[in-house]
$ cat data_16.cif   # mmCIF, C-alpha atoms
data_data
#
loop_
_atom_site.label_atom_id
_atom_site.label_comp_id
_atom_site.auth_asym_id
_atom_site.auth_seq_id
_atom_site.Cartn_x
_atom_site.Cartn_y
_atom_site.Cartn_z
CA MET O 1 -35.87 -19.36 151.93
CA ILE O 2 -33.45 -18.96 149.00
CA LEU O 3 -30.79 -20.92 150.92
CA LYS O 4 -33.30 -23.75 151.52
CA SER O 5 -34.17 -24.17 147.82
CA ALA O 6 -30.49 -23.83 146.89
CA GLY O 7 -29.78 -26.70 149.26
CA ARG O 8 -32.51 -28.83 147.67
CA TYR O 9 -31.21 -27.95 144.22
CA MET O 10 -27.69 -29.02 145.16
CA ALA O 11 -28.97 -32.25 146.66
CA ALA O 12 -30.93 -33.03 143.50
CA THR O 13 -27.89 -32.32 141.32
CA ALA O 14 -25.67 -34.46 143.51
CA LEU O 15 -28.13 -37.36 143.27
CA ALA O 16 -28.33 -36.99 139.49
CA LEU O 17 -24.55 -36.98 139.16
CA LEU O 18 -24.34 -40.05 141.40
CA ALA O 19 -26.91 -41.82 139.23
CA LEU O 20 -24.94 -40.96 136.10
CA ALA O 21 -21.70 -42.23 137.64
CA ASN O 22 -23.28 -45.59 138.42
CA SER O 23 -24.95 -46.13 135.04
CA HIS O 24 -23.12 -45.80 131.77
CA ALA O 25 -20.16 -44.15 130.08
CA ALA O 26 -17.31 -46.56 130.82
CA THR O 27 -14.85 -48.53 128.73
CA PHE O 28 -13.75 -51.89 130.08
CA THR O 29 -10.36 -53.02 128.82
CA LYS O 30 -9.03 -55.46 131.38
CA LEU O 31 -10.41 -58.85 132.23
CA ASP O 32 -10.26 -59.76 135.92
CA THR O 33 -9.04 -63.32 135.45
CA GLN O 34 -9.45 -64.13 139.15
CA ALA O 35 -13.09 -63.12 139.37
CA SER O 36 -14.07 -64.45 135.94
CA ARG O 37 -15.21 -68.03 135.42
CA ILE O 38 -15.95 -70.25 132.48
CA GLY O 39 -17.79 -73.48 133.13
CA PHE O 40 -19.72 -76.07 131.20
CA GLY O 41 -22.62 -78.44 131.56
CA TYR O 42 -22.84 -81.86 130.00
CA SER O 43 -24.87 -85.02 130.32
CA GLN O 44 -23.76 -88.62 130.71
CA MET O 45 -26.32 -91.46 130.74
CA GLY O 46 -29.03 -88.89 131.41
CA VAL O 47 -27.20 -87.41 134.41
CA SER O 48 -26.49 -83.66 134.27
CA MET O 49 -22.95 -82.80 135.23
CA GLU O 50 -21.14 -79.52 135.79
CA GLY O 51 -17.56 -78.71 134.97
CA ALA O 52 -15.24 -75.72 135.01
CA PHE O 53 -11.91 -74.40 133.82
CA ASN O 54 -9.45 -73.25 136.44
CA THR O 55 -7.75 -70.47 134.46
CA LEU O 56 -8.55 -68.19 131.55
CA ASP O 57 -6.97 -65.20 129.89
CA ALA O 58 -7.97 -62.46 127.50
CA LYS O 59 -5.55 -61.47 124.76
CA ALA O 60 -7.88 -58.61 123.92
CA PHE O 61 -10.80 -57.08 125.75
CA SER O 62 -12.59 -53.86 124.98
CA PHE O 63 -16.16 -52.90 125.76
CA ASP O 64 -17.19 -49.26 125.60
CA THR O 65 -20.70 -48.82 126.98
CA ASP O 66 -21.27 -45.91 124.61
CA GLN O 67 -20.08 -47.88 121.57
CA PRO O 68 -20.84 -51.54 122.31
CA GLN O 69 -20.90 -52.46 118.63
CA ASN O 70 -17.14 -51.78 118.56
CA ALA O 71 -16.43 -54.17 121.41
CA ARG O 72 -13.74 -56.82 120.97
CA VAL O 73 -12.78 -59.88 122.89
CA GLU O 74 -10.19 -62.59 122.45
CA ILE O 75 -10.29 -65.29 125.11
CA GLU O 76 -7.57 -67.88 125.58
CA LEU O 77 -8.55 -70.92 127.62
CA PRO O 78 -5.88 -73.37 128.86
CA LEU O 79 -7.47 -76.82 128.88
CA ALA O 80 -5.01 -78.60 131.15
CA GLY O 81 -6.87 -77.52 134.27
CA ILE O 82 -10.29 -78.74 133.15
CA ASP O 83 -12.48 -80.19 135.87
CA ALA O 84 -15.41 -82.26 134.61
CA GLY O 85 -16.53 -83.22 138.11
CA TYR O 86 -14.57 -86.40 138.70
CA ASP O 87 -10.91 -87.44 138.45
CA GLU O 88 -11.36 -90.27 135.95
CA ALA O 89 -13.05 -87.89 133.51
CA ASN O 90 -10.38 -85.22 133.94
CA ALA O 91 -7.65 -87.73 133.11
CA GLU O 92 -9.66 -89.05 130.15
CA LEU O 93 -10.31 -85.56 128.75
CA ALA O 94 -6.61 -85.01 128.04
CA GLN O 95 -6.58 -88.05 125.74
CA LYS O 96 -6.52 -88.02 121.96
CA ASP O 97 -10.17 -89.05 121.60
CA TRP O 98 -11.22 -86.09 123.72
CA LEU O 99 -9.43 -82.75 123.88
CA ASP O 100 -5.95 -84.07 123.06
CA THR O 101 -4.53 -81.38 125.32
CA PRO O 102 -0.85 -82.15 124.68
CA GLN O 103 -1.44 -81.29 121.00
CA HIS O 104 -4.05 -78.58 121.59
CA PRO O 105 -3.45 -77.04 125.00
CA LEU O 106 -5.62 -73.97 124.38
CA ALA O 107 -9.16 -73.30 123.31
CA GLY O 108 -10.03 -69.82 122.13
CA PHE O 109 -12.73 -67.42 121.13
CA GLU O 110 -12.11 -64.35 118.97
CA SER O 111 -14.97 -61.94 118.34
CA THR O 112 -15.76 -60.47 114.96
CA LYS O 113 -18.95 -58.57 115.75
CA VAL O 114 -21.02 -57.37 118.69
CA THR O 115 -24.70 -56.57 118.24
CA PRO O 116 -26.72 -54.71 120.89
CA MET O 117 -30.12 -56.38 121.41
CA GLY O 118 -31.50 -53.78 123.79
CA ASN O 119 -32.10 -53.98 127.52
CA ASP O 120 -28.41 -54.57 128.35
CA ARG O 121 -28.45 -57.71 126.17
CA TYR O 122 -25.98 -58.29 123.37
CA GLU O 123 -24.87 -60.92 120.92
CA VAL O 124 -21.22 -61.48 120.14
CA THR O 125 -20.29 -63.36 116.99
CA GLY O 126 -16.88 -64.88 116.68
CA VAL O 127 -14.75 -67.89 115.97
CA LEU O 128 -14.52 -70.65 118.55
CA SER O 129 -11.37 -72.77 118.27
CA ILE O 130 -11.10 -76.14 120.00
CA LYS O 131 -8.82 -79.07 119.15
CA GLY O 132 -7.59 -77.42 115.99
CA ARG O 133 -11.10 -76.87 114.61
CA GLN O 134 -12.84 -73.56 114.12
CA LYS O 135 -16.53 -72.77 114.14
CA GLU O 136 -18.35 -69.47 114.00
CA VAL O 137 -20.71 -69.03 116.94
CA THR O 138 -23.09 -66.30 118.07
CA VAL O 139 -23.24 -65.98 121.81
CA PRO O 140 -25.86 -64.01 123.73
CA PHE O 141 -24.81 -62.25 126.90
CA GLU O 142 -26.08 -59.81 129.45
CA PHE O 143 -24.04 -56.84 130.62
CA LYS O 144 -24.30 -55.07 133.92
CA GLN O 145 -22.17 -52.79 136.00
CA ALA O 146 -21.40 -53.22 139.67
CA GLU O 147 -19.07 -51.02 141.66
CA GLY O 148 -17.01 -49.89 138.72
CA THR O 149 -16.66 -53.34 137.17
CA GLY O 150 -18.40 -54.66 134.09
CA ILE O 151 -20.00 -58.09 134.28
CA PHE O 152 -20.63 -60.09 131.12
CA GLU O 153 -22.72 -63.19 131.67
CA GLY O 154 -24.19 -65.70 129.29
CA SER O 155 -24.16 -69.22 127.93
CA PHE O 156 -24.34 -71.04 124.64
CA GLU O 157 -24.41 -74.59 123.35
CA ILE O 158 -21.91 -76.43 121.21
CA GLN O 159 -22.14 -79.88 119.72
CA ARG O 160 -19.03 -81.76 120.80
CA ALA O 161 -18.95 -83.70 117.53
CA ASP O 162 -18.32 -80.41 115.67
CA PHE O 163 -14.93 -80.26 117.36
CA GLY O 164 -14.12 -83.97 117.51
CA ILE O 165 -14.48 -83.95 121.28
CA GLY O 166 -15.14 -87.54 122.31
CA GLU O 167 -14.29 -89.60 119.24
CA GLY O 168 -13.78 -93.32 118.68
CA GLN O 169 -15.52 -95.37 121.36
CA TRP O 170 -16.94 -92.13 122.84
CA ALA O 171 -18.77 -91.06 119.69
CA ASP O 172 -22.06 -92.59 120.90
CA PHE O 173 -24.27 -89.70 122.03
CA GLY O 174 -26.30 -92.14 124.11
CA ILE O 175 -23.44 -92.31 126.61
CA VAL O 176 -22.16 -88.72 126.64
CA ALA O 177 -24.61 -86.32 125.00
CA ASN O 178 -23.55 -84.24 122.00
CA THR O 179 -24.71 -80.95 123.45
CA ILE O 180 -22.35 -79.13 125.81
CA ARG O 181 -23.48 -75.88 127.41
CA ILE O 182 -20.67 -73.36 127.90
CA LYS O 183 -21.35 -70.83 130.64
CA PHE O 184 -19.33 -67.71 131.30
CA TYR O 185 -19.22 -65.01 133.91
CA LEU O 186 -16.60 -62.44 132.96
CA VAL O 187 -15.64 -59.52 135.15
CA ALA O 188 -13.78 -56.60 133.63
CA THR O 189 -12.34 -53.35 134.90
CA PRO O 190 -11.84 -50.07 133.04
CA MET L 1 -54.93 -120.87 158.96
CA THR L 2 -52.61 -120.43 156.05
CA THR L 3 -49.29 -122.23 156.08
CA ARG L 4 -47.84 -120.87 152.81
CA TYR L 5 -46.71 -117.42 151.78
CA ASN L 6 -49.17 -115.66 149.48
CA ARG L 7 -48.37 -115.40 145.79
CA PRO L 8 -47.36 -111.70 145.70
CA ALA L 9 -44.96 -112.33 148.60
CA ILE L 10 -43.46 -115.30 146.78
CA ALA L 11 -43.13 -113.29 143.55
CA LEU L 12 -41.47 -110.37 145.29
CA HIS L 13 -39.12 -112.68 147.19
CA TRP L 14 -37.71 -114.40 144.10
CA LEU L 15 -37.78 -111.29 141.92
CA MET L 16 -35.74 -109.47 144.52
CA ALA L 17 -33.45 -112.44 145.12
CA VAL L 18 -32.49 -112.52 141.44
CA GLY L 19 -32.36 -108.72 141.24
CA LEU L 20 -30.19 -108.32 144.30
CA LEU L 21 -27.71 -111.00 143.27
CA ALA L 22 -27.45 -109.63 139.72
CA THR L 23 -26.99 -106.07 140.97
CA PHE L 24 -24.41 -107.23 143.48
CA ALA L 25 -22.47 -109.09 140.77
CA LEU L 26 -22.66 -106.03 138.52
CA GLY L 27 -21.33 -103.80 141.28
CA LEU L 28 -18.51 -106.18 142.09
CA TYR L 29 -17.45 -106.35 138.44
CA MET L 30 -17.84 -102.72 137.46
CA HIS L 31 -16.11 -100.82 140.23
CA ASP L 32 -12.55 -101.69 139.24
CA LEU L 33 -12.94 -101.01 135.53
CA PRO L 34 -10.99 -98.22 133.83
CA LEU L 35 -13.19 -95.42 132.52
CA SER L 36 -14.94 -96.30 129.26
CA PRO L 37 -18.39 -95.89 127.72
CA SER L 38 -19.23 -99.41 129.01
CA LYS L 39 -18.26 -98.47 132.53
CA LEU L 40 -20.63 -95.49 132.46
CA GLN L 41 -23.39 -97.76 131.15
CA LEU L 42 -22.77 -100.45 133.77
CA TYR L 43 -22.74 -97.89 136.58
CA SER L 44 -26.04 -96.45 135.34
CA TRP L 45 -27.68 -99.86 135.05
CA HIS L 46 -26.44 -100.73 138.54
CA LYS L 47 -27.97 -97.55 139.98
CA TRP L 48 -31.24 -98.02 138.07
CA ALA L 49 -31.44 -101.59 139.37
CA GLY L 50 -30.57 -100.47 142.90
CA ILE L 51 -33.31 -97.85 142.99
CA SER L 52 -35.80 -100.31 141.48
CA LEU L 53 -34.90 -102.80 144.22
CA LEU L 54 -35.34 -100.09 146.83
CA MET L 55 -38.83 -99.39 145.48
CA LEU L 56 -39.60 -103.13 145.45
CA ALA L 57 -38.40 -103.40 149.04
CA LEU L 58 -40.82 -100.64 150.04
CA LEU L 59 -43.63 -102.39 148.21
CA ARG L 60 -42.68 -105.69 149.80
CA LEU L 61 -42.61 -104.26 153.31
CA PHE L 62 -45.95 -102.58 152.75
CA TRP L 63 -47.37 -105.85 151.41
CA ARG L 64 -46.08 -107.83 154.37
CA ILE L 65 -47.75 -105.39 156.75
CA ILE L 66 -51.14 -105.70 155.10
CA CYS L 67 -50.80 -109.41 154.32
CA PRO L 68 -48.61 -110.83 157.08
CA ALA L 69 -46.35 -113.83 156.61
CA PRO L 70 -47.70 -117.23 157.68
CA PRO L 71 -46.71 -118.35 161.20
CA LEU L 72 -43.73 -120.68 161.47
CA PRO L 73 -44.48 -124.42 161.79
CA SER L 74 -45.04 -125.57 165.38
CA SER L 75 -42.07 -127.92 165.05
CA ILE L 76 -39.74 -124.89 165.21
CA SER L 77 -38.29 -124.24 168.65
CA GLY L 78 -38.58 -120.90 170.45
CA TRP L 79 -34.94 -120.09 169.91
CA SER L 80 -35.19 -120.91 166.18
CA LYS L 81 -38.26 -118.73 165.88
CA PHE L 82 -36.37 -115.83 167.45
CA ALA L 83 -33.40 -116.39 165.13
CA ALA L 84 -35.69 -116.58 162.10
CA HIS L 85 -37.42 -113.29 162.95
CA ALA L 86 -34.11 -111.59 163.73
CA GLY L 87 -32.65 -112.85 160.43
CA HIS L 88 -35.62 -111.58 158.44
CA ILE L 89 -35.52 -108.19 160.13
CA LEU L 90 -31.82 -108.01 159.25
CA LEU L 91 -32.59 -108.92 155.66
CA TYR L 92 -35.22 -106.18 155.38
CA GLY L 93 -32.76 -103.79 157.01
CA PHE L 94 -30.13 -104.57 154.40
CA MET L 95 -32.71 -104.33 151.58
CA PHE L 96 -33.12 -100.66 152.49
CA ALA L 97 -29.66 -99.82 153.79
CA VAL L 98 -27.68 -101.13 150.81
CA PRO L 99 -29.38 -99.12 148.06
CA MET L 100 -29.75 -96.09 150.34
CA SER L 101 -26.01 -96.14 151.01
CA GLY L 102 -25.39 -96.31 147.27
CA TRP L 103 -27.69 -93.36 146.64
CA LEU L 104 -25.98 -91.38 149.41
CA MET L 105 -22.56 -92.21 148.01
CA SER L 106 -23.55 -91.17 144.50
CA SER L 107 -24.86 -87.84 145.83
CA ALA L 108 -21.67 -87.21 147.80
CA GLN L 109 -19.58 -87.96 144.72
CA GLY L 110 -21.50 -85.35 142.72
CA PHE L 111 -23.43 -87.78 140.52
CA GLN L 112 -27.14 -87.19 140.77
CA VAL L 113 -29.08 -90.45 140.56
CA VAL L 114 -31.39 -90.32 137.53
CA TRP L 115 -33.65 -93.38 137.55
CA PHE L 116 -33.57 -95.00 134.11
CA GLY L 117 -31.88 -91.84 132.86
CA THR L 118 -35.20 -89.99 133.02
CA VAL L 119 -36.38 -89.52 136.61
CA PRO L 120 -33.93 -87.34 138.56
CA LEU L 121 -33.85 -88.26 142.24
CA PRO L 122 -32.84 -85.61 144.79
CA ASP L 123 -29.29 -85.57 146.07
CA LEU L 124 -29.44 -86.89 149.62
CA VAL L 125 -26.29 -85.00 150.58
CA SER L 126 -24.30 -82.28 148.84
CA ARG L 127 -21.08 -82.97 147.04
CA ASN L 128 -18.32 -83.80 149.50
CA SER L 129 -15.30 -85.93 148.64
CA GLU L 130 -14.44 -86.96 152.23
CA LEU L 131 -18.00 -88.10 152.85
CA ALA L 132 -18.00 -89.87 149.48
CA ALA L 133 -14.94 -91.89 150.49
CA VAL L 134 -16.59 -92.89 153.78
CA LEU L 135 -19.86 -93.81 152.04
CA LYS L 136 -17.99 -95.92 149.54
CA GLN L 137 -16.66 -98.03 152.42
CA VAL L 138 -20.11 -98.11 154.02
CA HIS L 139 -21.73 -99.31 150.79
CA MET L 140 -19.09 -101.98 150.38
CA TYR L 141 -19.33 -103.30 153.96
CA LEU L 142 -23.13 -103.27 153.91
CA ASN L 143 -23.03 -105.28 150.71
CA TYR L 144 -20.69 -107.87 152.18
CA GLY L 145 -22.80 -108.03 155.33
CA PHE L 146 -25.91 -108.50 153.22
CA LEU L 147 -24.23 -111.28 151.26
CA ILE L 148 -23.28 -113.06 154.48
CA VAL L 149 -26.82 -112.85 155.88
CA ILE L 150 -28.34 -113.95 152.54
CA SER L 151 -25.98 -116.94 152.47
CA GLY L 152 -26.96 -117.86 156.00
CA HIS L 153 -30.64 -117.42 155.09
CA ALA L 154 -30.33 -119.70 152.05
CA LEU L 155 -28.29 -122.28 153.94
CA VAL L 156 -30.76 -122.50 156.81
CA ALA L 157 -33.68 -122.76 154.35
CA LEU L 158 -31.93 -125.69 152.68
CA LEU L 159 -31.24 -127.28 156.08
CA HIS L 160 -34.95 -127.06 156.93
CA ARG L 161 -35.85 -128.71 153.64
CA PHE L 162 -33.29 -131.47 153.43
CA VAL L 163 -32.28 -132.13 157.04
CA LYS L 164 -35.27 -131.22 159.16
CA LYS L 165 -37.62 -132.00 156.25
CA ASP L 166 -40.18 -129.39 157.28
CA THR L 167 -42.18 -126.85 155.24
CA VAL L 168 -40.09 -123.76 155.96
CA LEU L 169 -38.54 -123.61 152.48
CA THR L 170 -41.39 -125.14 150.48
CA ARG L 171 -43.88 -122.52 151.66
CA MET L 172 -41.83 -119.91 149.76
CA LEU L 173 -41.57 -121.97 146.55
CA PRO L 174 -43.82 -120.83 143.71
CA PHE L 175 -44.36 -124.18 142.08
CA LEU L 176 -45.80 -126.17 144.99
CA ALA L 177 -49.55 -125.95 145.46
CA LYS L 178 -49.55 -127.88 148.72
CA ALA L 179 -47.68 -126.99 151.90
#
$ encode --input "data_16.cif" --output "structure tokens"
Amino acid sequence: MILKSAGRYMAATALALLALANSHAATFTKLDTQASRIGFGYSQMGVSMEGAFNTLDAKAFSFDTDQPQNARVEIELPLAGIDAGYDEANAELAQKDWLDTPQHPLAGFESTKVTPMGNDRYEVTGVLSIKGRQKEVTVPFEFKQAEGTGIFEGSFEIQRADFGIGEGQWADFGIVANTIRIKFYLVATP
Amino acid sequence: MTTRYNRPAIALHWLMAVGLLATFALGLYMHDLPLSPSKLQLYSWHKWAGISLLMLALLRLFWRIICPAPPLPSSISGWSKFAAHAGHILLYGFMFAVPMSGWLMSSAQGFQVVWFGTVPLPDLVSRNSELAAVLKQVHMYLNYGFLIVISGHALVALLHRFVKKDTVLTRMLPFLAKA
């Protein structure tokens, strides 16, 4: 009888420990650049288009689940490999009126503050740099854990005119809309 | 027994004739342009026109079913009657196939067709660059085929009017009250 309840007690403890191991208490410091993706959505002549970047890197990454407000991230995004959905656009995007990638080969985001919003939701505030211009943005994201990795997923909008993306003949928002939605799915390991 | 086309049929015929030729000319001009805001505009207008013509073709076919075309004049031989019917079936075929092939191509290229920039139409196929290349050829050849049949159609209509001097062309003209 005592052995039986001891067995049940051990099983219960094991389950509890397992639950703890799968939930919190982890610090993520390394971005998995292969599994992570940054993409974007835009609209031309009323048609929704999807694009993506083929590489990304993190100069800094730190997210401690016990101290999320101390989290830091510094993303570096090479723009040469941008894919806006069709070849003509990709060639055009490197031009001076667009991203001017020979002059500004990298876009970046450097966080200054992370605010927990509850329910595994957070907001990260930081400086977004594109084409030599900086703008402070606040980006909402959702955090979850899966098999020892941390997944940070969210999206936010920018106005391309704020960064001089699509100038000159491309400044008309009736052709290519001003709003660009940046979407990210970042995977990090401890 | 009526010997002229009814007014809606006449209206749809000439509306579509002008629309098809304009859309064809637009397509011919636009496809070799380098990328620019104008090119994006022209492509959109071409697709909006194409879908509108597809809808008109549907309407026209429906109308022809409920209000059939007048019978051909008795002066037309059996062989000519067969050729006329075959030609018209071909024309209707192209009226559907040409814009459908364009819609398919756009879908395969990854550009959803959004009618007048406000009504998104479903992608008929998923994005696929090999299929897109094939459909581009299909759209082009269908267009040239259509142009050839339209030219033949117009030429024969003119022959009936000015050589055979019968009512075949005049029954499709809007400004003649009498057959």
$ interface_residues --input "data_16.cif" --of "chain L" --to "chain O" --cutoff "9 Å" --atoms "only C-alpha atoms" --output "PyMOL selection string"
chain L and resi 34-38+40-41+44+109-118+120
$ residues_around --input "data_16.cif" --residues "O:Leu79" --least-positions-apart "4" --cutoff "7 Å" --atoms "only C-alpha atoms" --output "mmCIF file with C-alpha atoms, keeping the file's coordinate frame"
data_model
loop_
_atom_site.group_PDB
_atom_site.id
_atom_site.type_symbol
_atom_site.label_atom_id
_atom_site.label_comp_id
_atom_site.auth_asym_id
_atom_site.auth_seq_id
_atom_site.Cartn_x
_atom_site.Cartn_y
_atom_site.Cartn_z
ATOM 1 C CA THR O 101 -4.530 -81.380 125.320
ATOM 2 C CA PRO O 105 -3.450 -77.040 125.000
ATOM 3 C CA LEU O 106 -5.620 -73.970 124.380
ATOM 4 C CA ALA O 107 -9.160 -73.300 123.310
#
$ atom_distance --input "data_16.cif" --atom1 "atom CA of L:Val168" --atom2 "atom CA of L:Pro68"
15.5 Å
$ residues_around --input "data_16.cif" --residues "O:Ala71" --least-positions-apart "3" --cutoff "9 Å" --atoms "only C-alpha atoms" --output "compact mmCIF listing (two decimals) with C-alpha atoms, in the frame of the given file"
# COMPACT_ATOMS: atom_id res chain seq x y z
CA PHE O 61 -10.80 -57.08 125.75
CA SER O 62 -12.59 -53.86 124.98
CA PHE O 63 -16.16 -52.90 125.76
CA ASP O 64 -17.19 -49.26 125.60
CA THR O 65 -20.70 -48.82 126.98
CA GLN O 67 -20.08 -47.88 121.57
CA PRO O 68 -20.84 -51.54 122.31
CA SER O 111 -14.97 -61.94 118.34
CA LYS O 113 -18.95 -58.57 115.75
CA VAL O 114 -21.02 -57.37 118.69
CA VAL O 124 -21.22 -61.48 120.14
$ closest_residue --input "data_16.cif" --among "O:Thr29, O:Gln34, O:Asn90, O:Thr189" --to "O:Gln145" --atoms "only C-alpha atoms"
O:Thr189
$ residues_near_point --input "data_16.cif" --point "(-29.6, -94.5, 145.1)" --cutoff "10 Å" --atoms "all atoms listed in the file" --output "PyMOL selection string"
chain L and resi 46-54+98-107+112-115+121-124
$ atom_distance --input "data_16.cif" --atom1 "atom CA of O:Gly39" --atom2 "atom CA of O:Asp83"
9.0 Å
$ closest_residue --input "data_16.cif" --among "L:Phe82, L:Ser126, L:Arg64, L:Phe94" --to "L:Leu12" --atoms "all atoms listed in the file"
L:Arg64
$ resolve_selection --input "data_16.cif" --expression "the PyMOL selection byres ((chain O and resi 162) around 12)" --output "ChimeraX atom specification"
/O:128-137,157-161,163-167,171,178-180
$ residues_near_point --input "data_16.cif" --point "(-24.3, -64.1, 134.6)" --cutoff "8 Å" --atoms "only C-alpha atoms" --output "PDB file with C-alpha atoms, keeping the file's coordinate frame"
ATOM      1  CA  PHE O 141     -24.810 -62.250 126.900  1.00  0.00           C
ATOM      2  CA  GLU O 142     -26.080 -59.810 129.450  1.00  0.00           C
ATOM      3  CA  ILE O 151     -20.000 -58.090 134.280  1.00  0.00           C
ATOM      4  CA  PHE O 152     -20.630 -60.090 131.120  1.00  0.00           C
ATOM      5  CA  GLU O 153     -22.720 -63.190 131.670  1.00  0.00           C
ATOM      6  CA  GLY O 154     -24.190 -65.700 129.290  1.00  0.00           C
ATOM      7  CA  PHE O 184     -19.330 -67.710 131.300  1.00  0.00           C
ATOM      8  CA  TYR O 185     -19.220 -65.010 133.910  1.00  0.00           C
TER       9      TYR O 185
END
$ closest_residue --input "data_16.cif" --among "L:Ile65, L:Ala97, L:Ser151, L:Trp45" --to "L:Gly19" --atoms "all atoms listed in the file"
L:Trp45
$ resolve_selection --input "data_16.cif" --expression "the PyMOL selection byres ((chain O and resi 53) around 9)" --output "PyMOL selection string"
chain O and resi 37-40+51-52+54-56+77-84
$ atom_distance --input "data_16.cif" --atom1 "atom CA of L:Ala57" --atom2 "atom CA of L:His13"
9.5 Å
$ resolve_selection --input "data_16.cif" --expression "the PyMOL selection byres ((chain L and resi 84-87) around 12)" --output "PyMOL selection string"
chain L and resi 69+71-73+76-83+88-94+146+148-154+156-157+160+168
$ closest_residue --input "data_16.cif" --among "O:Thr112, O:Asp66, O:Thr149, O:Pro140" --to "O:Leu186" --atoms "all atoms listed in the file"
O:Thr149
$ residues_around --input "data_16.cif" --residues "L:Leu28" --least-positions-apart "2" --cutoff "12 Å" --atoms "only C-alpha atoms" --output "list of chain:residue names"
L:Leu21, L:Ala22, L:Thr23, L:Phe24, L:Ala25, L:Leu26, L:Met30, L:His31, L:Asp32, L:Leu33, L:Leu42, L:Tyr43, L:His46, L:His139, L:Met140, L:Asn143, L:Tyr144, L:Leu147
$ closest_residue --input "data_16.cif" --among "L:Leu155, L:Ala108, L:Leu142, L:Ile10" --to "L:Glu130" --atoms "only C-alpha atoms"
L:Ala108
$ decode --input "data_16.cif" --residues "stretch 140-153 of chain L" --atoms "N, CA and C atoms" --output "JSON list (two decimals), in the first residue's frame"
[["chain", "number", "residue", "atom", "x", "y", "z"],
["L", 140, "MET", "N", -0.21, 34.19, -75.56],
["L", 140, "MET", "CA", 0.25, 34.86, -76.78],
["L", 140, "MET", "C", -0.33, 34.19, -78.03],
["L", 141, "TYR", "N", -0.21, 32.85, -78.12],
["L", 141, "TYR", "CA", -0.69, 32.15, -79.31],
["L", 141, "TYR", "C", -2.20, 32.23, -79.45],
["L", 142, "LEU", "N", -2.91, 32.16, -78.34],
["L", 142, "LEU", "CA", -4.37, 32.31, -78.39],
["L", 142, "LEU", "C", -4.75, 33.69, -78.91],
["L", 143, "ASN", "N", -4.00, 34.69, -78.47],
["L", 143, "ASN", "CA", -4.27, 36.05, -78.94],
["L", 143, "ASN", "C", -4.06, 36.18, -80.44],
["L", 144, "TYR", "N", -2.96, 35.62, -80.93],
["L", 144, "TYR", "CA", -2.70, 35.70, -82.36],
["L", 144, "TYR", "C", -3.74, 34.91, -83.15],
["L", 145, "GLY", "N", -4.12, 33.76, -82.62],
["L", 145, "GLY", "CA", -5.17, 32.96, -83.26],
["L", 145, "GLY", "C", -6.47, 33.73, -83.32],
["L", 146, "PHE", "N", -6.80, 34.39, -82.22],
["L", 146, "PHE", "CA", -8.02, 35.18, -82.13],
["L", 146, "PHE", "C", -8.00, 36.30, -83.18],
["L", 147, "LEU", "N", -6.84, 36.96, -83.27],
["L", 147, "LEU", "CA", -6.69, 38.06, -84.22],
["L", 147, "LEU", "C", -6.89, 37.58, -85.65],
["L", 148, "ILE", "N", -6.37, 36.40, -85.95],
["L", 148, "ILE", "CA", -6.52, 35.82, -87.29],
["L", 148, "ILE", "C", -7.99, 35.53, -87.58],
["L", 149, "VAL", "N", -8.68, 34.91, -86.63],
["L", 149, "VAL", "CA", -10.10, 34.58, -86.84],
["L", 149, "VAL", "C", -10.95, 35.85, -86.93],
["L", 150, "ILE", "N", -10.64, 36.85, -86.08],
["L", 150, "ILE", "CA", -11.37, 38.12, -86.15],
["L", 150, "ILE", "C", -11.17, 38.77, -87.52],
["L", 151, "SER", "N", -9.94, 38.75, -88.01],
["L", 151, "SER", "CA", -9.66, 39.34, -89.33],
["L", 151, "SER", "C", -10.44, 38.63, -90.41],
["L", 152, "GLY", "N", -10.47, 37.31, -90.34],
["L", 152, "GLY", "CA", -11.24, 36.54, -91.31],
["L", 152, "GLY", "C", -12.71, 36.88, -91.23],
["L", 153, "HIS", "N", -13.22, 36.97, -90.00],
["L", 153, "HIS", "CA", -14.61, 37.31, -89.71],
["L", 153, "HIS", "C", -14.97, 38.66, -90.32]]
